[in-house]
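Visitor: Data file my_file-v7.cif (mmCIF, C-alpha atoms and all ligand atoms) is appended below.
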```cif
data_entry
#
loop_
_atom_site.label_atom_id
_atom_site.label_comp_id
_atom_site.auth_asym_id
_atom_site.auth_seq_id
_atom_site.Cartn_x
_atom_site.Cartn_y
_atom_site.Cartn_z
CA MET L 119 22.75 6.88 5.37
CA GLY L 120 21.37 3.39 4.75
CA GLU L 121 18.93 2.72 7.56
CA VAL L 122 17.23 4.33 10.50
CA GLU L 123 19.43 4.30 13.54
CA PRO L 124 17.10 4.75 16.50
CA LEU L 125 19.46 7.03 18.38
CA GLY L 126 17.94 10.49 18.16
CA HIS L 127 16.97 13.20 15.75
CA TRP L 128 17.58 12.91 12.03
CA SER L 129 16.42 14.61 8.83
CA ARG L 130 16.77 13.99 5.11
CA ASP L 131 16.06 15.30 1.61
CA CYS L 132 13.38 13.81 -0.66
CA PRO L 133 14.21 10.10 -1.07
CA LEU L 134 12.95 10.14 -4.67
CA CYS L 135 14.40 13.30 -6.27
CA GLY L 136 16.79 14.59 -3.60
CA ARG L 137 15.12 18.00 -3.20
CA ASP L 138 15.67 19.85 0.09
CA ASN L 139 12.10 20.54 1.29
CA ARG L 140 12.94 22.03 4.67
CA ALA L 141 11.39 25.38 3.69
CA LEU L 142 8.03 23.72 2.98
CA ALA L 143 5.24 23.71 5.55
CA GLU L 144 4.86 20.35 7.25
CA GLY L 145 2.11 17.98 6.08
CA GLU L 146 -1.17 17.50 7.88
CA PHE L 147 -0.25 14.01 9.08
CA SER L 148 2.83 15.09 11.02
CA THR L 149 3.01 14.23 14.70
CA VAL L 150 5.17 15.57 17.51
CA GLY L 151 8.80 15.01 16.52
CA TRP L 152 7.91 13.34 13.18
CA ILE L 153 7.49 15.66 10.22
CA LEU L 154 5.82 14.50 7.01
CA LYS L 155 6.34 16.43 3.77
CA THR L 156 5.02 16.16 0.22
CA CYS L 157 7.91 16.97 -2.10
CA GLU L 158 7.24 20.11 -4.12
CA ARG L 159 9.09 18.74 -7.13
CA CYS L 160 8.05 15.07 -7.41
CA ALA L 161 5.03 14.66 -5.04
CA MET L 162 6.75 11.97 -2.96
CA VAL L 163 5.25 11.79 0.54
CA TYR L 164 7.83 10.99 3.17
CA VAL L 165 8.98 11.51 6.75
CA GLU L 166 11.48 14.34 6.46
CA SER L 167 12.66 14.34 10.04
CA GLY L 168 12.10 12.23 13.07
CA ASP L 169 13.16 11.87 16.65
CA ALA L 170 13.51 8.27 17.72
CA ARG L 171 13.60 9.36 21.35
CA ARG L 172 10.02 10.55 20.97
CA PRO L 173 8.14 7.84 19.08
CA PRO L 174 4.43 8.48 18.67
CA PRO L 175 2.24 6.52 21.08
CA GLY L 176 1.32 3.06 19.84
CA ARG L 177 -2.18 2.65 18.51
CA GLU L 178 -4.22 -0.50 18.48
CA ALA L 179 -6.02 -1.14 15.21
CA SER L 180 -9.72 -0.37 15.43
CA ARG L 181 -12.22 -3.22 15.30
CA PHE L 182 -13.29 -1.98 11.87
CA THR L 183 -9.69 -2.05 10.61
CA ARG L 184 -9.08 -5.57 11.94
CA LEU L 185 -12.28 -6.80 10.29
CA ARG L 186 -11.39 -5.12 7.01
CA LEU L 187 -7.86 -6.58 6.95
CA ARG L 188 -9.21 -10.03 7.69
CA PHE L 189 -11.34 -10.06 4.56
CA ALA L 190 -8.97 -8.10 2.30
CA LEU L 191 -7.85 -9.73 -0.93
CA ARG L 192 -4.41 -11.11 -0.13
CA LYS L 193 -1.67 -12.46 -2.33
CA ASP L 194 0.87 -14.99 -1.10
CA PHE L 195 4.46 -14.51 -2.14
CA PRO L 196 5.36 -18.13 -3.03
CA THR L 197 2.61 -17.93 -5.69
CA LEU L 198 3.77 -14.53 -6.92
CA VAL L 199 7.35 -15.83 -7.24
CA GLU L 200 6.21 -18.83 -9.30
CA VAL L 201 4.11 -16.59 -11.54
CA TRP L 202 6.69 -13.86 -12.14
CA ALA L 203 10.19 -15.28 -11.63
CA LYS L 204 12.27 -17.78 -13.50
CA PRO L 205 13.52 -20.77 -11.43
CA GLY L 206 16.60 -19.88 -9.39
CA ALA L 207 17.60 -17.98 -6.27
CA VAL L 208 14.90 -15.94 -4.51
CA LEU L 209 16.04 -13.35 -1.97
CA ASP L 210 13.56 -12.27 0.71
CA MET L 211 14.36 -8.94 2.38
CA ALA L 212 13.34 -9.03 6.07
CA CYS L 213 12.45 -12.71 5.80
CA GLY L 214 11.61 -13.24 9.48
CA ASP L 215 11.94 -16.89 10.46
CA GLY L 216 11.44 -17.97 6.84
CA THR L 217 8.20 -19.90 7.35
CA ARG L 218 6.48 -18.06 4.53
CA TRP L 219 8.67 -19.97 2.07
CA ASP L 220 7.84 -23.48 3.30
CA GLU L 221 5.44 -23.90 0.38
CA LEU L 222 7.81 -22.50 -2.25
CA SER L 223 8.20 -24.65 -5.37
CA PRO L 224 11.39 -26.82 -5.41
CA ALA L 225 12.36 -24.95 -8.58
CA PHE L 226 13.49 -22.06 -6.36
CA VAL L 227 16.20 -21.75 -3.71
CA PRO L 228 15.31 -19.39 -0.84
CA PHE L 229 17.77 -16.82 0.47
CA GLY L 230 17.07 -14.18 3.10
CA ILE L 231 18.25 -11.11 4.97
CA GLU L 232 16.99 -10.58 8.51
CA ALA L 233 18.11 -8.04 11.12
CA ASP L 234 16.88 -10.05 14.11
CA ALA L 235 19.53 -12.63 15.02
CA GLU L 236 17.17 -15.24 16.45
CA ARG L 237 14.79 -15.16 13.50
CA ALA L 238 17.71 -15.09 11.06
CA ALA L 239 19.08 -18.30 12.60
CA MET L 240 15.71 -20.01 12.24
CA ALA L 241 15.42 -18.89 8.62
CA HIS L 242 18.96 -20.03 7.91
CA GLY L 243 18.10 -23.52 9.14
CA ARG L 244 15.11 -23.69 6.81
CA PHE L 245 16.87 -22.20 3.78
CA ALA L 246 20.12 -24.20 4.16
CA ALA L 247 18.14 -27.43 3.87
CA ARG L 248 17.22 -26.27 0.35
CA GLY L 249 20.63 -24.93 -0.64
CA GLY L 250 20.05 -21.34 0.43
CA THR L 251 21.13 -19.19 3.35
CA CYS L 252 19.99 -16.29 5.53
CA LEU L 253 22.25 -13.38 6.44
CA ASN L 254 21.83 -11.68 9.80
CA ALA L 255 22.29 -8.09 8.60
CA SER L 256 20.59 -4.81 7.83
CA LEU L 257 18.70 -4.91 4.55
CA PHE L 258 21.05 -2.68 2.60
CA GLY L 259 24.17 -4.20 4.17
CA GLY L 260 22.93 -7.70 3.45
CA LEU L 261 22.19 -6.84 -0.17
CA THR L 262 25.72 -5.59 -0.75
CA ALA L 263 27.02 -9.05 0.21
CA PHE L 264 25.38 -10.63 -2.86
CA VAL L 265 27.36 -10.69 -6.09
CA ASP L 266 26.02 -9.30 -9.37
CA ARG L 267 23.24 -11.07 -11.28
CA THR L 268 22.71 -13.97 -8.87
CA CYS L 269 18.96 -13.83 -8.13
CA THR L 270 15.85 -14.26 -10.25
CA ALA L 271 13.61 -12.52 -7.71
CA VAL L 272 13.96 -10.17 -4.74
CA VAL L 273 11.00 -9.90 -2.38
CA MET L 274 10.30 -6.65 -0.52
CA ARG L 275 7.29 -7.30 1.64
CA SER L 276 6.44 -4.27 3.73
CA CYS L 277 10.08 -3.19 4.03
CA LEU L 278 10.57 -0.48 1.36
CA ALA L 279 8.40 1.96 3.32
CA ARG L 280 10.80 1.61 6.29
CA GLU L 281 14.05 2.34 4.49
CA MET L 282 15.85 5.65 4.97
CA ASP L 283 17.19 5.44 1.40
CA PRO L 284 14.77 3.26 -0.59
CA LEU L 285 16.28 4.29 -3.94
CA ALA L 286 19.68 2.91 -2.90
CA VAL L 287 18.03 -0.36 -1.86
CA LEU L 288 16.27 -0.65 -5.23
CA ARG L 289 19.51 0.03 -7.07
CA GLU L 290 21.26 -2.71 -5.10
CA ALA L 291 18.39 -5.09 -5.87
CA HIS L 292 18.80 -4.25 -9.55
CA ARG L 293 22.47 -5.13 -9.32
CA VAL L 294 21.93 -8.56 -7.75
CA LEU L 295 19.17 -9.56 -10.17
CA GLN L 296 19.75 -11.52 -13.34
CA PRO L 297 18.58 -9.87 -16.58
CA GLY L 298 14.80 -10.29 -16.67
CA GLY L 299 14.68 -10.71 -12.87
CA VAL L 300 11.96 -9.12 -10.76
CA VAL L 301 11.44 -7.32 -7.48
CA LEU L 302 8.10 -8.18 -5.89
CA VAL L 303 6.98 -5.26 -3.73
CA LYS L 304 4.17 -4.97 -1.23
CA THR L 305 3.87 -1.57 0.41
CA PRO L 306 1.14 0.68 1.88
CA ASN L 307 -0.69 2.69 -0.79
CA PHE L 308 -0.90 6.34 0.19
CA ALA L 309 -3.40 6.89 -2.65
CA SER L 310 -5.82 4.26 -1.29
CA LEU L 311 -9.44 5.17 -0.59
CA ASN L 312 -8.96 4.08 3.02
CA ARG L 313 -6.21 6.65 3.53
CA LEU L 314 -8.39 9.36 1.98
CA ALA L 315 -11.41 8.33 4.05
CA LEU L 316 -9.70 7.66 7.38
CA GLY L 317 -7.13 10.47 7.25
CA ARG L 318 -5.01 10.53 10.37
CA ARG L 319 -6.60 7.28 11.58
CA TRP L 320 -5.35 5.30 8.54
CA CYS L 321 -3.42 2.22 9.68
CA GLY L 322 -0.57 2.92 7.21
CA LEU L 323 0.36 6.18 8.95
CA ARG L 324 2.99 4.98 11.37
CA PRO L 325 5.72 7.65 11.20
CA TYR L 326 8.03 5.74 13.52
CA GLU L 327 7.99 2.75 11.12
CA HIS L 328 6.88 4.04 7.74
CA LEU L 329 9.25 6.67 6.44
CA ASN L 330 8.14 6.59 2.79
CA HIS L 331 4.51 6.82 1.73
CA PHE L 332 4.36 5.62 -1.85
CA THR L 333 1.59 6.05 -4.36
CA PRO L 334 1.59 3.96 -7.56
CA ALA L 335 2.98 7.04 -9.36
CA THR L 336 5.88 7.80 -7.00
CA LEU L 337 6.87 4.14 -6.69
CA ARG L 338 6.93 3.89 -10.49
CA LYS L 339 9.18 6.98 -10.69
CA MET L 340 11.61 5.60 -8.12
CA ALA L 341 11.65 2.17 -9.76
CA GLU L 342 12.50 3.75 -13.13
CA LYS L 343 15.35 5.71 -11.51
CA ALA L 344 16.74 2.40 -10.26
CA GLY L 345 16.57 0.90 -13.75
CA PHE L 346 13.29 -1.08 -13.50
CA ARG L 347 10.03 -1.08 -15.37
CA ALA L 348 7.01 -1.21 -13.05
CA HIS L 349 4.11 -3.60 -13.71
CA TYR L 350 0.82 -3.15 -11.90
CA GLY L 351 -1.50 -6.15 -12.31
CA LEU L 352 -5.23 -5.59 -12.58
CA THR L 353 -5.85 -6.49 -8.94
CA TYR L 354 -2.50 -5.28 -7.57
CA THR L 355 -3.49 -1.72 -6.69
CA LEU L 356 -7.11 -2.01 -5.63
CA PRO L 357 -8.08 1.40 -4.22
CA THR L 358 -10.05 -0.38 -1.50
CA SER L 359 -6.90 -2.06 -0.18
CA ASP L 360 -4.41 -0.40 2.19
CA SER L 361 -1.51 -1.97 0.32
CA MET L 362 -0.40 -2.30 -3.28
CA TYR L 363 1.60 -5.00 -5.02
CA VAL L 364 4.05 -4.01 -7.74
CA VAL L 365 6.33 -6.11 -9.94
CA LEU L 366 9.54 -4.31 -10.92
CA LYS L 367 11.23 -5.92 -13.88
CA LYS L 368 14.87 -5.64 -14.89
CA GLU L 369 15.43 -5.41 -18.61
CA GLY L 370 16.79 -8.37 -20.55
CA GLY L 371 16.36 -12.11 -20.28
CA GLU L 372 13.11 -13.90 -20.94
CA SER L 373 9.92 -12.31 -19.78
CA ARG L 374 7.76 -14.31 -17.43
CA ALA L 375 4.70 -12.11 -17.15
CA PRO L 376 1.53 -14.18 -16.73
CA ARG L 377 -0.67 -14.59 -19.80
CA SER L 378 -3.49 -12.80 -18.04
CA CYS L 379 -1.27 -9.73 -17.80
CA GLY L 380 -1.15 -9.39 -21.57
CA GLY L 381 0.65 -6.07 -21.23
CA GLY L 382 -2.58 -4.12 -21.01
CA CYS L 383 -2.46 -3.83 -17.25
CA CYS L 384 1.16 -2.78 -17.02
ZN ZN A 401 11.06 14.85 -4.55
#
```
Show me, as structure tokens, the structure contained in the file I just sent.
Ligand SMILES: [Zn+2]

Guide:
Amino acid sequence: MGEVEPLGHWSRDCPLCGRDNRALAEGEFSTVGWILKTCERCAMVYVESGDARRPPPGREASRFTRLRLRFALRKDFPTLVEVWAKPGAVLDMACGDGTRWDELSPAFVPFGIEADAERAAMAHGRFAARGGTCLNASLFGGLTAFVDRTCTAVVMRSCLAREMDPLAVLREAHRVLQPGGVVLVKTPNFASLNRLALGRRWCGLRPYEHLNHFTPATLRKMAEKAGFRAHYGLTYTLPTSDSMYVVLKKEGGESRAPRSCGGGCC
């Protein structure tokens, strides 16, 4: 199964190690119809089963959360691409209308995958002007359309947490990357202080959208299974932030880690 099909009830084994955890008690953050588990074997936190006919009620972010997000340390992806990737094709998973790449250096050609047809068409117009394209497809299905070793970077901004089979997506990304290519990931950090402090009120707990709750440790394990080495910059996993940034590097080719990285932070 590649993606969530919002048609009814579904369940799955651990997306990291494949263990069947149905016999385990459900986690404390479960809601009606949406069962969270912490895998007994690998500690991956994930939505084991859900019922799309019974989504949890929507919650508006609290005033405190909105204020905190406004002043959070943010990183923009065009800058991350220039820092970490060699010039070439950059593939953005769930690229929206593509506006986030308007400032991308001319050394890179933007490509995208977007499930929404209207936004995909807008992104395609932007990317085609620079030699790229945008596919209107599911993330996994779109990835399979790319031939081997064609991209220098794949961007996964807030999409890996939503995938039914994130390991399969990472393996496909590994296939389409050139040797030395990178996946730039932004995803909610289940080990963040905010999650520990806010508990059930944490903004990252959205079972209907977020099916995989990564920590730096479980994301590293999954990345290694897909063939990558995970790099965590000094400011990429701040415990005070709700999200973490991770650079997953494919072996081979020339390294383009920033000097400030120096290897000590990775
Ligand atoms: Zn597991």

Visitor: Against ligand ZN 401 (chain A), which residues of chain L fall within 12 Å? For each one I want the closest pair of atoms and the distance in Å (one decimal), counting all atoms listed in the file, rows by chain and increasing residue number, as CSV.

Guide:
```
residue,atom,partner,partner_atom,distance
L:Arg130,CA,A:ZN401,ZN,11.3
L:Asp131,CA,A:ZN401,ZN,7.9
L:Cys132,CA,A:ZN401,ZN,4.6
L:Pro133,CA,A:ZN401,ZN,6.7
L:Leu134,CA,A:ZN401,ZN,5.1
L:Cys135,CA,A:ZN401,ZN,4.1
L:Gly136,CA,A:ZN401,ZN,5.8
L:Arg137,CA,A:ZN401,ZN,5.3
L:Asp138,CA,A:ZN401,ZN,8.2
L:Asn139,CA,A:ZN401,ZN,8.2
L:Arg140,CA,A:ZN401,ZN,11.8
L:Lys155,CA,A:ZN401,ZN,9.7
L:Thr156,CA,A:ZN401,ZN,7.8
L:Cys157,CA,A:ZN401,ZN,4.5
L:Glu158,CA,A:ZN401,ZN,6.5
L:Arg159,CA,A:ZN401,ZN,5.1
L:Cys160,CA,A:ZN401,ZN,4.2
L:Ala161,CA,A:ZN401,ZN,6.1
L:Met162,CA,A:ZN401,ZN,5.4
L:Val163,CA,A:ZN401,ZN,8.3
L:Tyr164,CA,A:ZN401,ZN,9.2
L:Val165,CA,A:ZN401,ZN,12.0
L:Glu166,CA,A:ZN401,ZN,11.0
L:Leu285,CA,A:ZN401,ZN,11.8
L:Asn330,CA,A:ZN401,ZN,11.4
L:Phe332,CA,A:ZN401,ZN,11.7
L:Thr336,CA,A:ZN401,ZN,9.1
L:Leu337,CA,A:ZN401,ZN,11.7
L:Lys339,CA,A:ZN401,ZN,10.2
L:Met340,CA,A:ZN401,ZN,9.9
```

Visitor: I need the residue nearest Asp266 (chain L) from this list: L:Pro334, L:Pro297, L:Gly345, L:Pro306. Use all atoms listed in the file for the distance.

Guide: L:Pro297

Visitor: Which residues of region 275-374 of chain L have any atom within 9 Å of an atom in region 256-259 of chain L when counting all atoms listed in the file, and what is the closest pair of atoms for each, with the distance in Å to one decimal? Order the rows by chain and rising number and write it as a Markdown table.

Guide:
```
| residue | atom | partner | partner_atom | distance |
| --- | --- | --- | --- | --- |
| L:Cys277 | CA | L:Leu257 | CA | 8.8 |
| L:Glu281 | CA | L:Leu257 | CA | 8.6 |
| L:Ala286 | CA | L:Phe258 | CA | 8.0 |
| L:Val287 | CA | L:Phe258 | CA | 5.9 |
| L:Glu290 | CA | L:Phe258 | CA | 7.7 |
```

Visitor: Show me, as a count of residues only, the residues that have an atom within 12 Å of Ala271 (chain L) when counting only C-alpha atoms, minus same-chain residues fewer than 6 positions from it.

Guide: 39

Visitor: Can you list, as a list in words, every protein, DNA or RNA residue that comes within 9 Å of region 320-322 of chain L when you count all atoms listed in the file, leaving out same-chain residues fewer than 2 positions away?

Guide: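 The residues satisfying every condition are Arg177, Ala179, Ser180, Thr183, Pro306, Asn307, Phe308, Asn312, Arg313, Leu314, Ala315, Leu316, Gly317, Arg318, Arg324, Pro325, His328, His331, Asp360 and Ser361 of chain L.
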
Visitor: Compare L:Ala348, L:Ala247, L:Ala341, L:Cys213 by their minimum atom-to-atom distance to Ala233 (chain L), counting only C-alpha atoms, and give me the closest one.

Guide: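 Once distances to Ala233 (chain L) are computed over only C-alpha atoms, the minimum belongs to L:Cys213.
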
Visitor: Figure out the distance between CA of Asp215 (chain L) and CA of Thr355 (chain L), please, to one decimal in Å.

Guide: 27.6 Å

Visitor: So what do you get for CA of Glu221 (chain L) versus CA of Gly249 (chain L), distance-wise?

Guide: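 For CA of Glu221 (chain L) relative to CA of Gly249 (chain L), the distance reads 15.3 Å.
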
Visitor: Could you list, as a ChimeraX atom specification, every residue within 9 Å of Arg280 (chain L), counting only C-alpha atoms and ignoring same-chain residues fewer than 2 positions away?

Guide: /L:121-122,276-278,282-284,326-330

Visitor: Just how far from CA of Cys269 (chain L) is CA of Thr217 (chain L), in Å to one decimal?

Guide: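 Answer for the CA of Thr217 (chain L) to CA of Cys269 (chain L) separation: 19.8 Å.
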
Visitor: Determine the axis-aligned bounding box of all atoms of region 320-324 of chain L present in the file, pad each side by 3 Å, and express its centre and edge lengths in Å to one decimal place as JSON.

Guide:
```
{"center_x": -1.2, "center_y": 4.2, "center_z": 9.3, "size_x": 14.3, "size_y": 10.0, "size_z": 10.2}
```

Visitor: Between L:Arg248, L:Pro224, L:Ile231, L:Met274, which residue has the minimum interatomic distance to Gly260 (chain L), considering only C-alpha atoms?

Guide: L:Ile231

Visitor: Have region 333-354 of chain L completed to N, CA and C atoms, please, and pass it along as a tab-separated table (two decimals), keeping the file's coordinate frame.

Guide:
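Final file, result35.tsv:
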```
chain	number	residue	atom	x	y	z
L	333	THR	N	2.78	6.24	-3.54
L	333	THR	CA	1.59	6.05	-4.36
L	333	THR	C	2.05	5.22	-5.57
L	334	PRO	N	1.14	4.68	-6.35
L	334	PRO	CA	1.59	3.96	-7.56
L	334	PRO	C	2.49	4.85	-8.43
L	335	ALA	N	2.20	6.14	-8.49
L	335	ALA	CA	2.98	7.04	-9.36
L	335	ALA	C	4.39	7.27	-8.82
L	336	THR	N	4.54	7.52	-7.53
L	336	THR	CA	5.88	7.80	-7.00
L	336	THR	C	6.73	6.54	-6.93
L	337	LEU	N	6.09	5.38	-6.69
L	337	LEU	CA	6.87	4.14	-6.69
L	337	LEU	C	7.36	3.83	-8.11
L	338	ARG	N	6.51	4.11	-9.10
L	338	ARG	CA	6.93	3.89	-10.49
L	338	ARG	C	8.13	4.78	-10.83
L	339	LYS	N	8.07	6.06	-10.41
L	339	LYS	CA	9.18	6.98	-10.69
L	339	LYS	C	10.47	6.48	-10.06
L	340	MET	N	10.40	6.05	-8.81
L	340	MET	CA	11.61	5.60	-8.12
L	340	MET	C	12.14	4.32	-8.76
L	341	ALA	N	11.24	3.42	-9.13
L	341	ALA	CA	11.65	2.17	-9.76
L	341	ALA	C	12.38	2.46	-11.07
L	342	GLU	N	11.86	3.41	-11.84
L	342	GLU	CA	12.50	3.75	-13.13
L	342	GLU	C	13.88	4.36	-12.90
L	343	LYS	N	14.03	5.15	-11.83
L	343	LYS	CA	15.35	5.71	-11.51
L	343	LYS	C	16.35	4.62	-11.20
L	344	ALA	N	15.86	3.52	-10.62
L	344	ALA	CA	16.74	2.40	-10.26
L	344	ALA	C	16.98	1.45	-11.43
L	345	GLY	N	16.33	1.72	-12.56
L	345	GLY	CA	16.57	0.90	-13.75
L	345	GLY	C	15.48	-0.12	-14.06
L	346	PHE	N	14.37	-0.10	-13.31
L	346	PHE	CA	13.29	-1.08	-13.50
L	346	PHE	C	12.15	-0.52	-14.33
L	347	ARG	N	11.32	-1.45	-14.81
L	347	ARG	CA	10.03	-1.08	-15.37
L	347	ARG	C	8.97	-1.64	-14.42
L	348	ALA	N	8.01	-0.80	-14.03
L	348	ALA	CA	7.01	-1.21	-13.05
L	348	ALA	C	5.78	-1.80	-13.73
L	349	HIS	N	5.33	-2.96	-13.22
L	349	HIS	CA	4.11	-3.60	-13.71
L	349	HIS	C	3.08	-3.62	-12.59
L	350	TYR	N	1.89	-3.12	-12.88
L	350	TYR	CA	0.82	-3.15	-11.90
L	350	TYR	C	-0.28	-4.06	-12.45
L	351	GLY	N	-0.44	-5.25	-11.86
L	351	GLY	CA	-1.50	-6.15	-12.31
L	351	GLY	C	-2.87	-5.56	-12.04
L	352	LEU	N	-3.88	-6.14	-12.68
L	352	LEU	CA	-5.23	-5.59	-12.58
L	352	LEU	C	-5.74	-5.52	-11.15
L	353	THR	N	-5.35	-6.49	-10.33
L	353	THR	CA	-5.85	-6.49	-8.94
L	353	THR	C	-4.75	-6.10	-7.96
L	354	TYR	N	-3.65	-5.53	-8.44
L	354	TYR	CA	-2.50	-5.28	-7.57
L	354	TYR	C	-2.59	-3.95	-6.84
```
